[in-house]
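Below is one structure, written out as structure tokens; comments come after it.
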Amino acid sequence: MRILGEAVGHDVRIYLTLLRPFTLLAPLIVSSSVILASLISSDSTDLPVVSLLLVIFSASFCFALLNGASNVLNQATDWKEDALSKPYRPIPQGLITPKKAYTFSFLLYLVALLLSFTVHVLFSCFVSIIALFSITYSCAPRMKKFLLLNQLWVALPRGFFGIVGPWSAFGNPFEPLPLAMGCIAALFLFGGTATKDILDADADRSVGTKTLVNVFG
């Protein structure tokens, strides 16, 4: 039993490492804040407290799951690049196969989508759109490899839809305020995304991925 317990614990640690838990805090905090803002600006404050808390928890947890699924998928598709720039990650170390990482990522996306239906249909649509962006970023047509489009494919789901999506939990996401907030967040991320490619410049170049860093220096 002890050996079995150690084996299970080892597997859990590997999957947690794939999730990169520290990166889940930002979408959790941001989405919760936006959801609360939409609640305050809407007429939904007359709902029972328990119902409000369930919606806030479910909606914000969806965005944490989406981010985790994206993290895992990105490692499953980019393990060759990671072997050069991030050899400490589980797949380059041989601790887990890309196939198992794909399966784990699919389950995370599925749970996020199913959980989104507990909020409402429009919210589920935004969750689906964000998932589609993150999947096509790493998988075919693999927008990550195209110059500028790779930045746009991060800025839109994490910036624009990362604001209007959680806002839709209680409010109207097509009002000027959430749209303006989403555009500002997307613009910020479009520029800021380039900085994350600095450490991966050589690895990205080796597989034909074009970024501002490895194209223009």
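Residues are referred to by chain and number: the chain letter is A, B, ... according to the order shown in the structure tokens, the number counts from 1 in that chain, and ligands are numbered separately from 1 in the order shown.
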
Polymer residues at most 10 Å from A:Gly192, only C-alpha atoms, same-chain spacing of 6 or more positions, as an mmCIF file with all heavy atoms, in the first residue's frame:
data_model
loop_
_atom_site.group_PDB
_atom_site.id
_atom_site.type_symbol
_atom_site.label_atom_id
_atom_site.label_comp_id
_atom_site.auth_asym_id
_atom_site.auth_seq_id
_atom_site.Cartn_x
_atom_site.Cartn_y
_atom_site.Cartn_z
ATOM 1 N N GLN A 151 0.981 36.478 -31.326
ATOM 2 C CA GLN A 151 0.684 37.431 -30.257
ATOM 3 C C GLN A 151 -0.810 37.718 -30.181
ATOM 4 O O GLN A 151 -1.378 37.839 -29.090
ATOM 5 C CB GLN A 151 1.455 38.734 -30.493
ATOM 6 C CG GLN A 151 2.948 38.602 -30.325
ATOM 7 C CD GLN A 151 3.678 39.891 -30.636
ATOM 8 O OE1 GLN A 151 4.580 39.925 -31.455
ATOM 9 N NE2 GLN A 151 3.292 40.967 -29.992
ATOM 10 N N ALA A 155 -3.431 37.447 -27.100
ATOM 11 C CA ALA A 155 -4.067 38.679 -26.630
ATOM 12 C C ALA A 155 -5.591 38.604 -26.633
ATOM 13 O O ALA A 155 -6.242 39.103 -25.708
ATOM 14 C CB ALA A 155 -3.608 39.854 -27.495
ATOM 15 N N ALA A 186 -6.431 43.428 -24.213
ATOM 16 C CA ALA A 186 -5.891 42.755 -25.397
ATOM 17 C C ALA A 186 -4.693 43.518 -25.953
ATOM 18 O O ALA A 186 -3.687 42.911 -26.350
ATOM 19 C CB ALA A 186 -6.971 42.626 -26.468
#

Which residues of stretch 91-158 of chain A have any atom within 8 Å of an atom in stretch 58-68 of chain A when counting only C-alpha atoms, and what is the closest pair of atoms for each, with the distance in Å to one decimal? Order the rows by chain and rising number and write it as a tab-separated table.
residue	atom	partner	partner_atom	distance
A:Ser105	CA	A:Gly68	CA	7.8
A:Leu108	CA	A:Leu65	CA	6.1
A:Tyr109	CA	A:Leu66	CA	6.2
A:Val111	CA	A:Leu65	CA	7.8
A:Ala112	CA	A:Cys62	CA	4.9
A:Leu113	CA	A:Cys62	CA	7.5
A:Leu115	CA	A:Ser58	CA	6.5
A:Ser116	CA	A:Cys62	CA	6.5
A:Thr118	CA	A:Ser58	CA	7.4
A:Val119	CA	A:Ala59	CA	6.8
A:Val127	CA	A:Cys62	CA	7.7
A:Ile130	CA	A:Leu66	CA	7.8
A:Ala131	CA	A:Leu66	CA	6.7

Produce a file of the selected residues containing N, CA and C atoms, as a PDB file, in the first residue's frame.
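Output file again27.pdb is given in full below:
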ATOM      1  N   SER A 105      -4.975  17.334 -20.907  1.00  0.00           N
ATOM      2  CA  SER A 105      -5.437  18.630 -21.392  1.00  0.00           C
ATOM      3  C   SER A 105      -6.879  18.550 -21.877  1.00  0.00           C
ATOM      4  N   LEU A 108      -9.279  18.537 -19.003  1.00  0.00           N
ATOM      5  CA  LEU A 108      -9.405  19.859 -18.387  1.00  0.00           C
ATOM      6  C   LEU A 108     -10.325  20.754 -19.215  1.00  0.00           C
ATOM      7  N   TYR A 109     -10.153  20.727 -20.537  1.00  0.00           N
ATOM      8  CA  TYR A 109     -11.042  21.502 -21.409  1.00  0.00           C
ATOM      9  C   TYR A 109     -12.489  21.036 -21.249  1.00  0.00           C
ATOM     10  N   VAL A 111     -13.962  19.506 -18.675  1.00  0.00           N
ATOM     11  CA  VAL A 111     -14.509  19.902 -17.372  1.00  0.00           C
ATOM     12  C   VAL A 111     -14.863  21.386 -17.384  1.00  0.00           C
ATOM     13  N   ALA A 112     -13.991  22.217 -17.951  1.00  0.00           N
ATOM     14  CA  ALA A 112     -14.263  23.654 -18.023  1.00  0.00           C
ATOM     15  C   ALA A 112     -15.539  23.929 -18.816  1.00  0.00           C
ATOM     16  N   LEU A 113     -15.701  23.229 -19.942  1.00  0.00           N
ATOM     17  CA  LEU A 113     -16.890  23.432 -20.773  1.00  0.00           C
ATOM     18  C   LEU A 113     -18.157  22.978 -20.053  1.00  0.00           C
ATOM     19  N   LEU A 115     -18.605  22.710 -16.834  1.00  0.00           N
ATOM     20  CA  LEU A 115     -18.843  23.599 -15.701  1.00  0.00           C
ATOM     21  C   LEU A 115     -19.440  24.918 -16.152  1.00  0.00           C
ATOM     22  N   SER A 116     -19.059  25.365 -17.346  1.00  0.00           N
ATOM     23  CA  SER A 116     -19.563  26.651 -17.844  1.00  0.00           C
ATOM     24  C   SER A 116     -21.073  26.628 -18.065  1.00  0.00           C
ATOM     25  N   THR A 118     -23.185  25.469 -16.130  1.00  0.00           N
ATOM     26  CA  THR A 118     -23.877  25.740 -14.868  1.00  0.00           C
ATOM     27  C   THR A 118     -24.090  27.236 -14.667  1.00  0.00           C
ATOM     28  N   VAL A 119     -23.429  28.044 -15.487  1.00  0.00           N
ATOM     29  CA  VAL A 119     -23.617  29.501 -15.409  1.00  0.00           C
ATOM     30  C   VAL A 119     -24.751  29.890 -16.352  1.00  0.00           C
ATOM     31  N   VAL A 127     -16.484  30.682 -23.150  1.00  0.00           N
ATOM     32  CA  VAL A 127     -15.526  29.661 -22.723  1.00  0.00           C
ATOM     33  C   VAL A 127     -15.082  28.825 -23.921  1.00  0.00           C
ATOM     34  N   ILE A 130     -12.648  30.870 -26.123  1.00  0.00           N
ATOM     35  CA  ILE A 130     -11.315  30.925 -25.513  1.00  0.00           C
ATOM     36  C   ILE A 130     -10.591  29.596 -25.691  1.00  0.00           C
ATOM     37  N   ALA A 131     -11.317  28.504 -25.488  1.00  0.00           N
ATOM     38  CA  ALA A 131     -10.724  27.173 -25.670  1.00  0.00           C
ATOM     39  C   ALA A 131     -10.272  26.976 -27.111  1.00  0.00           C
TER      40      ALA A 131
END

Point to revise | Distance criterion (only C-alpha atoms): nearest to A:Lys210 out of A:Ser128, A:Asn71, A:Asn150, A:Ser168 | key: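 Closest to A:Lys210, using only C-alpha atoms: A:Asn150.
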
Checklist line | Test item: residues at most 8 Å from A:Leu18, only C-alpha atoms, excluding those fewer than 5 positions along its chain, as number ranges by chain | finding: A: 71-72, 75, 89-90, 101

*Counting only C-alpha atoms, figure out which residue out of A:Leu114, A:Leu149, A:Val34, A:Ile135 gets nearest to A:Gly171.*
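Once distances to A:Gly171 are computed over only C-alpha atoms, the minimum belongs to A:Val34.
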
Requested in this report: List every residue of stretch 75-196 of chain A that DSSP, applied to the backbone of this structure, assigns to helix (DSSP H, G or I), and report them as a ChimeraX atom specification.
Outcome: /A:75-77,79-85,90-93,98-116,121-138,143-145,149-167,176-196

### Task
Considering only C-alpha atoms, return as an MDAnalysis selection string whatever protein or nucleic-acid residues lie within 9 Å of stretch 203-209 of chain A, sequence-local ones (same chain, fewer than 5 positions apart) excluded.
chainID A and resid 80:85 144:147 197 214:215

Please produce a file of those selected residues containing N, CA, C and O atoms, as a short mmCIF file (atom, residue, chain, number, x, y, z; two decimals), in the first residue's frame.
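Writing the result to out_23.cif gives the following:
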data_model
loop_
_atom_site.label_atom_id
_atom_site.label_comp_id
_atom_site.auth_asym_id
_atom_site.auth_seq_id
_atom_site.Cartn_x
_atom_site.Cartn_y
_atom_site.Cartn_z
N LYS A 80 9.59 19.40 -27.91
CA LYS A 80 10.89 19.45 -28.57
C LYS A 80 11.60 20.78 -28.29
O LYS A 80 12.80 20.82 -28.03
N GLU A 81 10.83 21.88 -28.36
CA GLU A 81 11.39 23.18 -28.02
C GLU A 81 11.78 23.24 -26.54
O GLU A 81 12.82 23.77 -26.17
N ASP A 82 10.90 22.66 -25.69
CA ASP A 82 11.17 22.66 -24.26
C ASP A 82 12.43 21.86 -23.93
O ASP A 82 13.13 22.17 -22.95
N ALA A 83 12.72 20.84 -24.72
CA ALA A 83 13.93 20.05 -24.49
C ALA A 83 15.19 20.91 -24.62
O ALA A 83 16.22 20.63 -24.01
N LEU A 84 15.08 22.00 -25.40
CA LEU A 84 16.20 22.91 -25.57
C LEU A 84 16.20 24.05 -24.56
O LEU A 84 17.24 24.39 -23.99
N SER A 85 15.03 24.65 -24.35
CA SER A 85 14.95 25.84 -23.50
C SER A 85 14.45 25.59 -22.09
O SER A 85 14.74 26.36 -21.18
N LYS A 144 0.71 29.65 -33.36
CA LYS A 144 1.91 30.05 -32.64
C LYS A 144 3.09 30.29 -33.57
O LYS A 144 3.96 31.10 -33.29
N LYS A 145 3.14 29.61 -34.71
CA LYS A 145 4.32 29.68 -35.58
C LYS A 145 4.31 30.90 -36.50
O LYS A 145 5.30 31.19 -37.16
N PHE A 146 3.17 31.63 -36.56
CA PHE A 146 3.05 32.76 -37.48
C PHE A 146 3.34 34.09 -36.78
O PHE A 146 2.78 34.38 -35.72
N LEU A 147 4.21 34.87 -37.40
CA LEU A 147 4.59 36.16 -36.85
C LEU A 147 3.38 37.06 -36.66
O LEU A 147 2.53 37.17 -37.55
N ASP A 197 8.80 35.49 -25.16
CA ASP A 197 9.49 34.73 -26.19
C ASP A 197 11.01 34.91 -26.15
O ASP A 197 11.72 34.27 -26.93
N ASN A 214 12.87 36.49 -32.34
CA ASN A 214 13.83 35.76 -33.18
C ASN A 214 13.84 36.20 -34.63
O ASN A 214 14.68 35.75 -35.42
N VAL A 215 12.91 37.11 -35.01
CA VAL A 215 12.93 37.64 -36.37
C VAL A 215 13.64 38.98 -36.44
O VAL A 215 14.49 39.22 -37.30
#

Any idea what the distance is between atom CA of A:Ile129 and atom CA of A:Leu212?
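Those two atoms sit 25.6 Å apart.
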